[in-house]
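What follows is a set of notes on a single structure, which appears directly below.
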Amino acid sequence: MEELKAPQQRERRGSLFEIKSSKPKICGSSIVSMAIQPESSYEDISFRRPQQKIEYENTYKMAPDFRFQVGKVKDIIDDSLATLEKEEYDVYRCRDLAKHLSQDIKDKVKEIGMGRHKIISWVTIGQTCDQSMRVGSRCLWDDGNDNFAWGEFKNPTLYATAIVYGIYQE
């Protein structure tokens, strides 16, 4: 009868992180264990507490504290457009004027303090040449909370229209 031999078990290879208890190597070990984080000192360890995350609750405000104030915004628009009284139409100058007037109106309207309203300012300047013009716009909005104000200006060489939208952001 043949003798059944137990299969020879192979020696398990060591892991990189196993520290063998055998004789220390002459060349040293590449494994370093630290008890503290490298950037902290021993004095900090006893006083260290985990940093707590601040959580804020949602406000769920469905209506604004202050409604869009059409009268005040209309006054701001009229005052800003009145600065064009002595201007003459020039294509390049009016392009820059429209950008600056739009930003100026928007900044002044934001100073009123309508916190959750998104303010959109739109200024158009064109040359007066015996023609007519219609300005139209469409928005998707809530009639109860959103509103707009507009103003116009005209002198012998140019016309200007400004529209400011106040859209409530929930």
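Ligands are numbered from 1 in the order shown, residues from 1 within each chain, and chains are lettered A, B, ... in the order they appear in the structure tokens.
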Extract, using only C-alpha atoms, all DNA, RNA and protein residues at most 6 Å from region 97-105 of chain A, discarding same-chain residues fewer than 3 positions from it, and format them as an NGL selection string.
-> :A and (94 or 108 or 121-123)
Restrict the calculation to only C-alpha atoms, then for each residue of region 128-163 of chain A with any atom at most 7 Å from an atom of region 73-83 of chain A give the closest atom pair and their distance in Å to one decimal, rows by chain and rising residue number, as a tab-separated table.
```
residue	atom	partner	partner_atom	distance
A:Ala149	CA	A:Lys74	CA	5.7
A:Trp150	CA	A:Lys74	CA	6.3
A:Gly151	CA	A:Ile77	CA	6.0
A:Phe153	CA	A:Leu81	CA	6.2
A:Ala162	CA	A:Ile77	CA	6.8
```
Those residues with C-alpha atoms, as a short mmCIF file (atom, residue, chain, number, x, y, z; two decimals), in the first residue's frame please?
```cif
data_model
loop_
_atom_site.label_atom_id
_atom_site.label_comp_id
_atom_site.auth_asym_id
_atom_site.auth_seq_id
_atom_site.Cartn_x
_atom_site.Cartn_y
_atom_site.Cartn_z
CA ALA A 149 -39.99 99.00 -12.90
CA TRP A 150 -39.07 100.87 -16.05
CA GLY A 151 -38.18 104.32 -17.23
CA PHE A 153 -35.41 109.15 -21.58
CA ALA A 162 -34.19 100.99 -18.60
#
```
Taking the DSSP assignment computed from this structure's backbone, write out as a list in words all residues of region 54-141 of chain A that belong to strand (DSSP E).
-> His117, Lys118, Ile119, Ile120, Ser121, Trp122, Val123, Thr124, Ile125, Gly126 and Gln127 of chain A
Go ahead and write the selection's residues with N, CA and C atoms as a compact mmCIF listing (two decimals), in the first residue's frame.
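Resulting contents of result21.txt:
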```
# COMPACT_ATOMS: atom_id res chain seq x y z
N HIS A 117 -34.30 89.16 -3.31
CA HIS A 117 -34.68 89.42 -4.69
C HIS A 117 -33.44 89.41 -5.58
N LYS A 118 -33.55 88.75 -6.69
CA LYS A 118 -32.50 88.82 -7.70
C LYS A 118 -32.82 90.03 -8.56
N ILE A 119 -31.87 90.94 -8.68
CA ILE A 119 -32.08 92.19 -9.41
C ILE A 119 -31.46 92.05 -10.80
N ILE A 120 -32.26 92.31 -11.82
CA ILE A 120 -31.80 92.27 -13.20
C ILE A 120 -32.06 93.64 -13.81
N SER A 121 -31.00 94.27 -14.30
CA SER A 121 -31.10 95.61 -14.87
C SER A 121 -30.76 95.54 -16.36
N TRP A 122 -31.59 96.19 -17.17
CA TRP A 122 -31.40 96.15 -18.62
C TRP A 122 -31.58 97.55 -19.17
N VAL A 123 -30.52 98.10 -19.79
CA VAL A 123 -30.55 99.46 -20.36
C VAL A 123 -30.29 99.37 -21.85
N THR A 124 -31.13 100.08 -22.62
CA THR A 124 -30.97 100.14 -24.08
C THR A 124 -30.83 101.61 -24.47
N ILE A 125 -29.81 101.91 -25.26
CA ILE A 125 -29.61 103.27 -25.77
C ILE A 125 -29.54 103.19 -27.29
N GLY A 126 -30.28 104.05 -27.97
CA GLY A 126 -30.28 104.06 -29.43
C GLY A 126 -30.32 105.47 -29.97
N GLN A 127 -30.14 105.57 -31.28
CA GLN A 127 -30.12 106.87 -31.95
C GLN A 127 -31.54 107.26 -32.37
```
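Between Asp142 (chain A) and the residues A:Asp130, A:Tyr159, A:Ile112, A:Pro64, the shortest atom-to-atom distance, using only C-alpha atoms, involves A:Pro64.
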Extract, using only C-alpha atoms, all DNA, RNA and protein residues at most 10 Å from Tyr168 (chain A), discarding same-chain residues fewer than 6 positions from it, and format them as a PyMOL selection string.
-> chain A and resi 62-64+67-68+114-119+141-142+144-147
Any chance you can output those residues with N, CA and C atoms as an mmCIF file, in the first residue's frame?
```
data_model
loop_
_atom_site.group_PDB
_atom_site.id
_atom_site.type_symbol
_atom_site.label_atom_id
_atom_site.label_comp_id
_atom_site.auth_asym_id
_atom_site.auth_seq_id
_atom_site.Cartn_x
_atom_site.Cartn_y
_atom_site.Cartn_z
ATOM 1 N N MET A 62 -41.393 81.380 2.143
ATOM 2 C CA MET A 62 -42.103 81.340 0.877
ATOM 3 C C MET A 62 -42.568 82.720 0.420
ATOM 4 N N ALA A 63 -42.396 83.725 1.253
ATOM 5 C CA ALA A 63 -42.776 85.088 0.888
ATOM 6 C C ALA A 63 -41.678 86.035 1.370
ATOM 7 N N PRO A 64 -41.425 87.097 0.622
ATOM 8 C CA PRO A 64 -40.351 88.021 1.002
ATOM 9 C C PRO A 64 -40.723 88.857 2.226
ATOM 10 N N ARG A 67 -41.464 93.607 -0.107
ATOM 11 C CA ARG A 67 -41.844 93.462 -1.513
ATOM 12 C C ARG A 67 -40.966 94.361 -2.372
ATOM 13 N N PHE A 68 -40.932 94.078 -3.663
ATOM 14 C CA PHE A 68 -40.192 94.902 -4.615
ATOM 15 C C PHE A 68 -40.819 96.288 -4.646
ATOM 16 N N MET A 114 -33.528 94.775 -0.593
ATOM 17 C CA MET A 114 -34.456 93.687 -0.886
ATOM 18 C C MET A 114 -33.624 92.409 -0.943
ATOM 19 N N GLY A 115 -33.416 91.815 0.224
ATOM 20 C CA GLY A 115 -32.441 90.752 0.409
ATOM 21 C C GLY A 115 -32.548 89.552 -0.502
ATOM 22 N N ARG A 116 -33.709 88.981 -0.639
ATOM 23 C CA ARG A 116 -33.832 87.736 -1.394
ATOM 24 C C ARG A 116 -34.307 87.946 -2.827
ATOM 25 N N HIS A 117 -34.298 89.161 -3.306
ATOM 26 C CA HIS A 117 -34.682 89.425 -4.689
ATOM 27 C C HIS A 117 -33.443 89.410 -5.576
ATOM 28 N N LYS A 118 -33.549 88.750 -6.687
ATOM 29 C CA LYS A 118 -32.505 88.816 -7.699
ATOM 30 C C LYS A 118 -32.821 90.032 -8.563
ATOM 31 N N ILE A 119 -31.871 90.936 -8.677
ATOM 32 C CA ILE A 119 -32.080 92.185 -9.405
ATOM 33 C C ILE A 119 -31.456 92.053 -10.798
ATOM 34 N N TRP A 141 -42.420 84.039 -13.834
ATOM 35 C CA TRP A 141 -42.318 84.523 -12.468
ATOM 36 C C TRP A 141 -43.607 84.367 -11.694
ATOM 37 N N ASP A 142 -43.510 84.696 -10.426
ATOM 38 C CA ASP A 142 -44.643 84.617 -9.508
ATOM 39 C C ASP A 142 -45.251 86.009 -9.401
ATOM 40 N N GLY A 144 -47.300 87.251 -7.368
ATOM 41 C CA GLY A 144 -47.436 87.760 -6.007
ATOM 42 C C GLY A 144 -46.151 88.345 -5.440
ATOM 43 N N ASN A 145 -44.991 87.856 -5.860
ATOM 44 C CA ASN A 145 -43.718 88.281 -5.251
ATOM 45 C C ASN A 145 -42.789 89.027 -6.198
ATOM 46 N N ASP A 146 -42.892 88.797 -7.504
ATOM 47 C CA ASP A 146 -41.982 89.405 -8.468
ATOM 48 C C ASP A 146 -42.617 90.644 -9.088
ATOM 49 N N ASN A 147 -41.764 91.589 -9.501
ATOM 50 C CA ASN A 147 -42.269 92.809 -10.109
ATOM 51 C C ASN A 147 -41.176 93.449 -10.946
#
```
In Å, with one decimal, what is the gap from CA of Thr59 (chain A) to CA of Ile167 (chain A)?
-> 18.2 Å
Give me, please, the distance in Å between CA of Val70 (chain A) and CA of Asp143 (chain A), quoted to one decimal.
->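 Rounded to one decimal, the two atoms are 13.8 Å apart.
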